[in-house]
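**Q** First the structure, which I've put down as structure tokens, then a few questions once you've had a look.
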Amino acid sequence: MTPPNNPMPKPKSLWPLGITCAALLYLGGVGMCSFLACTHKSELVSEKYYDQEIQYQARIDTAGRTHKLATSAIATYEDSTRHLWIALPAEHAGKTAQGEIELYRPSAAGQDQHFKLEADASGRQCLDVAALRQGFWKVRITWNVGGMDYFVDQKVAIGPASLQAKLTALDQHPYARLKP
């Protein structure tokens, strides 16, 4: 018996075409990621890395010396007057302190502010921060008394009391202690 003459051709499978397209898309994606990774400029790398590492170690030593004091420098924001009060440790009140106050905005580096430390006889200084944007700021106080350097890094919420309460709640969270 002879097979019937079928005028319809047998359908071709699309699997080889699909596998080839998937492989080409994968290789193209890997190639594009490799290209972007190689051409991306890393601004975090410094040519003076070694010098910065020595400065960082000096800052760690300075912070350790500050931690040994009976009291620490404190930055307090007063919402009613929009002033930031800096209070040096009680041990340094009445002594000549030279240094700098840096207001560092982690979310916007262009808004950072630097002030000269000019504490009064009680070791306090008032900064008008009405022009600063509301939000979270880091206050870094560096000062020198009697030839010894000291350093404090503190978070401050500039804005209404509700924002300050959020910062306090974040600092009290158990995972907040895990940060270096």
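Order determines the names: the first chain of the structure tokens is A, the second B, and so forth; residues in each chain are numbered 1 upward, and ligands are numbered 1 upward as they are shown.
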Can you pull out the residues contacting segment 47-64 of chain A? Cut-off 7 Å, using only C-alpha atoms, and skip same-chain residues under 6 positions away; I want them as a ChimeraX atom specification.

**A** /A:149-152

**Q** Can I get the selected residues back with N, CA and C atoms, as a PDB file, in the first residue's frame?

**A**
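What landed in part-v8.pdb:
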```pdb
ATOM      1  N   ASP A 149      43.742  67.005  70.224  1.00  0.00           N
ATOM      2  CA  ASP A 149      42.613  67.082  69.301  1.00  0.00           C
ATOM      3  C   ASP A 149      41.462  66.218  69.801  1.00  0.00           C
ATOM      4  N   TYR A 150      40.229  66.707  69.532  1.00  0.00           N
ATOM      5  CA  TYR A 150      39.009  66.001  69.913  1.00  0.00           C
ATOM      6  C   TYR A 150      38.044  66.037  68.740  1.00  0.00           C
ATOM      7  N   PHE A 151      37.139  65.039  68.693  1.00  0.00           N
ATOM      8  CA  PHE A 151      36.217  64.932  67.567  1.00  0.00           C
ATOM      9  C   PHE A 151      34.913  64.278  68.013  1.00  0.00           C
ATOM     10  N   VAL A 152      33.791  64.853  67.560  1.00  0.00           N
ATOM     11  CA  VAL A 152      32.470  64.284  67.804  1.00  0.00           C
ATOM     12  C   VAL A 152      31.695  64.305  66.498  1.00  0.00           C
TER      13      VAL A 152
END
```

**Q** Which polymer residues have any atom within 10 Å of an atom of Thr81 of chain A, counting only C-alpha atoms, with same-chain residues fewer than 5 positions away left out, as a ChimeraX atom specification?

**A** /A:128-130

**Q** Please produce an output containing C-alpha atoms for each residue in the selection, written as a JSON list (two decimals), in the first residue's frame.

**A**
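So the final result, stored in part12.json, reads:
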```
[["chain", "number", "residue", "atom", "x", "y", "z"],
["A", 128, "ASP", "CA", 21.75, 80.23, 62.95],
["A", 129, "VAL", "CA", 20.58, 77.40, 60.68],
["A", 130, "ALA", "CA", 17.36, 79.01, 59.40]]
```

**Q** Could you work out how far atom CA of Ser80 of chain A lies from atom CA of Gln98 of chain A, giving the answer in Å with one decimal?

**A**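 Rounded to one decimal, the two atoms are 28.6 Å apart.
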
**Q** Just the residues within 8 Å of Thr96 of chain A, please, counting only C-alpha atoms, with nothing from its chain fewer than 4 positions along; format it as a list in words.

**A**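 With the cut-off at 8 Å, the set is His92, Val145 and Gly146 of chain A.
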
**Q** For atom CA of Leu132 of chain A and atom CA of Thr66 of chain A, quote the distance in Å rounded to one decimal.

**A**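 If I compute the distance from atom CA of Leu132 of chain A to atom CA of Thr66 of chain A, I get 27.8 Å.
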
**Q** From the set A:Thr39, A:Ser107, A:Ser72, A:Thr20, which residue has the shortest atom-to-atom contact distance to Trp137 of chain A, counting only C-alpha atoms?

**A**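 The closest residue to Trp137 of chain A is A:Ser107.
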
**Q** Name the residues in contact with Ser122 of chain A at a cut-off of 9 Å, using only C-alpha atoms, excluding same-chain residues fewer than 4 positions from it; report them as a list in words.

**A**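 The filter keeps Ala87, Leu88, Ala90, His92, Ala93, Gly94 and Lys95 of chain A.
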
**Q** Go ahead and save the picked residues with N, CA and C atoms, as a PDB file, in the first residue's frame.

**A**
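And here is the file that came out, out33.pdb:
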```
ATOM      1  N   ALA A  87      27.661  72.585  72.432  1.00  0.00           N
ATOM      2  CA  ALA A  87      28.191  72.671  73.796  1.00  0.00           C
ATOM      3  C   ALA A  87      29.395  71.751  73.899  1.00  0.00           C
ATOM      4  N   LEU A  88      30.546  72.328  74.194  1.00  0.00           N
ATOM      5  CA  LEU A  88      31.758  71.536  74.391  1.00  0.00           C
ATOM      6  C   LEU A  88      31.686  70.824  75.749  1.00  0.00           C
ATOM      7  N   ALA A  90      32.236  69.776  79.552  1.00  0.00           N
ATOM      8  CA  ALA A  90      32.413  70.643  80.726  1.00  0.00           C
ATOM      9  C   ALA A  90      33.884  70.825  81.062  1.00  0.00           C
ATOM     10  N   HIS A  92      36.224  71.357  79.134  1.00  0.00           N
ATOM     11  CA  HIS A  92      36.850  72.331  78.241  1.00  0.00           C
ATOM     12  C   HIS A  92      36.223  73.720  78.340  1.00  0.00           C
ATOM     13  N   ALA A  93      35.214  73.877  79.183  1.00  0.00           N
ATOM     14  CA  ALA A  93      34.587  75.192  79.359  1.00  0.00           C
ATOM     15  C   ALA A  93      35.606  76.142  79.984  1.00  0.00           C
ATOM     16  N   GLY A  94      35.679  77.335  79.449  1.00  0.00           N
ATOM     17  CA  GLY A  94      36.602  78.338  79.963  1.00  0.00           C
ATOM     18  C   GLY A  94      38.007  78.226  79.392  1.00  0.00           C
ATOM     19  N   LYS A  95      38.288  77.167  78.647  1.00  0.00           N
ATOM     20  CA  LYS A  95      39.610  77.005  78.038  1.00  0.00           C
ATOM     21  C   LYS A  95      39.534  77.457  76.575  1.00  0.00           C
TER      22      LYS A  95
END
```

**Q** Could you pull out the strand (DSSP E) residues of chain A, going by DSSP on the backbone, and write them as a ChimeraX atom specification?

**A** /A:74-78,83-87,98-104,113-116,124-128,135-145,148-158

**Q** Include C-alpha atoms and write out the residues we just selected as a PDB file, in the first residue's frame.

**A**
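The resulting selection_18.pdb:
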```pdb
ATOM      1  CA  ILE A  74      26.623  67.982  72.163  1.00  0.00           C
ATOM      2  CA  ALA A  75      24.755  69.571  69.259  1.00  0.00           C
ATOM      3  CA  THR A  76      21.123  70.473  69.989  1.00  0.00           C
ATOM      4  CA  TYR A  77      18.609  71.937  67.531  1.00  0.00           C
ATOM      5  CA  GLU A  78      16.097  74.455  68.877  1.00  0.00           C
ATOM      6  CA  HIS A  83      19.353  77.696  66.081  1.00  0.00           C
ATOM      7  CA  LEU A  84      21.815  74.881  66.529  1.00  0.00           C
ATOM      8  CA  TRP A  85      23.542  74.963  69.882  1.00  0.00           C
ATOM      9  CA  ILE A  86      27.000  73.447  70.264  1.00  0.00           C
ATOM     10  CA  ALA A  87      28.191  72.671  73.796  1.00  0.00           C
ATOM     11  CA  GLN A  98      40.091  76.154  68.386  1.00  0.00           C
ATOM     12  CA  GLY A  99      38.332  74.078  65.792  1.00  0.00           C
ATOM     13  CA  GLU A 100      35.655  73.653  63.183  1.00  0.00           C
ATOM     14  CA  ILE A 101      32.000  72.683  62.996  1.00  0.00           C
ATOM     15  CA  GLU A 102      30.900  70.869  59.857  1.00  0.00           C
ATOM     16  CA  LEU A 103      27.241  70.385  59.001  1.00  0.00           C
ATOM     17  CA  TYR A 104      27.190  67.439  56.643  1.00  0.00           C
ATOM     18  CA  GLN A 113      28.347  73.987  55.712  1.00  0.00           C
ATOM     19  CA  HIS A 114      31.538  74.775  57.636  1.00  0.00           C
ATOM     20  CA  PHE A 115      31.788  77.101  60.622  1.00  0.00           C
ATOM     21  CA  LYS A 116      34.699  78.156  62.780  1.00  0.00           C
ATOM     22  CA  ARG A 124      28.771  77.039  74.039  1.00  0.00           C
ATOM     23  CA  GLN A 125      28.212  78.366  70.537  1.00  0.00           C
ATOM     24  CA  CYS A 126      25.007  79.219  68.710  1.00  0.00           C
ATOM     25  CA  LEU A 127      24.626  78.761  64.941  1.00  0.00           C
ATOM     26  CA  ASP A 128      21.749  80.233  62.946  1.00  0.00           C
ATOM     27  CA  GLY A 135      16.035  66.996  57.316  1.00  0.00           C
ATOM     28  CA  PHE A 136      18.757  64.834  58.756  1.00  0.00           C
ATOM     29  CA  TRP A 137      22.229  66.325  59.153  1.00  0.00           C
ATOM     30  CA  LYS A 138      25.459  65.149  60.696  1.00  0.00           C
ATOM     31  CA  VAL A 139      27.268  67.610  62.925  1.00  0.00           C
ATOM     32  CA  ARG A 140      31.010  66.996  63.059  1.00  0.00           C
ATOM     33  CA  ILE A 141      32.839  69.009  65.676  1.00  0.00           C
ATOM     34  CA  THR A 142      36.627  69.027  65.652  1.00  0.00           C
ATOM     35  CA  TRP A 143      38.483  71.032  68.268  1.00  0.00           C
ATOM     36  CA  ASN A 144      41.834  71.374  69.969  1.00  0.00           C
ATOM     37  CA  VAL A 145      42.398  72.192  73.648  1.00  0.00           C
ATOM     38  CA  MET A 148      45.102  67.667  72.128  1.00  0.00           C
ATOM     39  CA  ASP A 149      42.613  67.082  69.301  1.00  0.00           C
ATOM     40  CA  TYR A 150      39.009  66.001  69.913  1.00  0.00           C
ATOM     41  CA  PHE A 151      36.217  64.932  67.567  1.00  0.00           C
ATOM     42  CA  VAL A 152      32.470  64.284  67.804  1.00  0.00           C
ATOM     43  CA  ASP A 153      30.138  63.072  65.047  1.00  0.00           C
ATOM     44  CA  GLN A 154      26.444  63.446  65.892  1.00  0.00           C
ATOM     45  CA  LYS A 155      23.148  63.171  63.990  1.00  0.00           C
ATOM     46  CA  VAL A 156      20.737  66.087  64.213  1.00  0.00           C
ATOM     47  CA  ALA A 157      17.276  66.588  62.718  1.00  0.00           C
ATOM     48  CA  ILE A 158      16.776  70.162  61.594  1.00  0.00           C
TER      49      ILE A 158
END
```

**Q** Could you please determine the separation between atom CA of Gly110 of chain A and atom CA of Gln134 of chain A in Å, to one decimal place?

**A**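 According to the coordinates, atom CA of Gly110 of chain A and atom CA of Gln134 of chain A are separated by 14.6 Å.
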
**Q** From segment 22-178 of chain A, collect each residue whose DSSP state is alpha helix (DSSP H) and return the set as a PyMOL selection string.

**A** chain A and resi 22-39+49-67+161-172
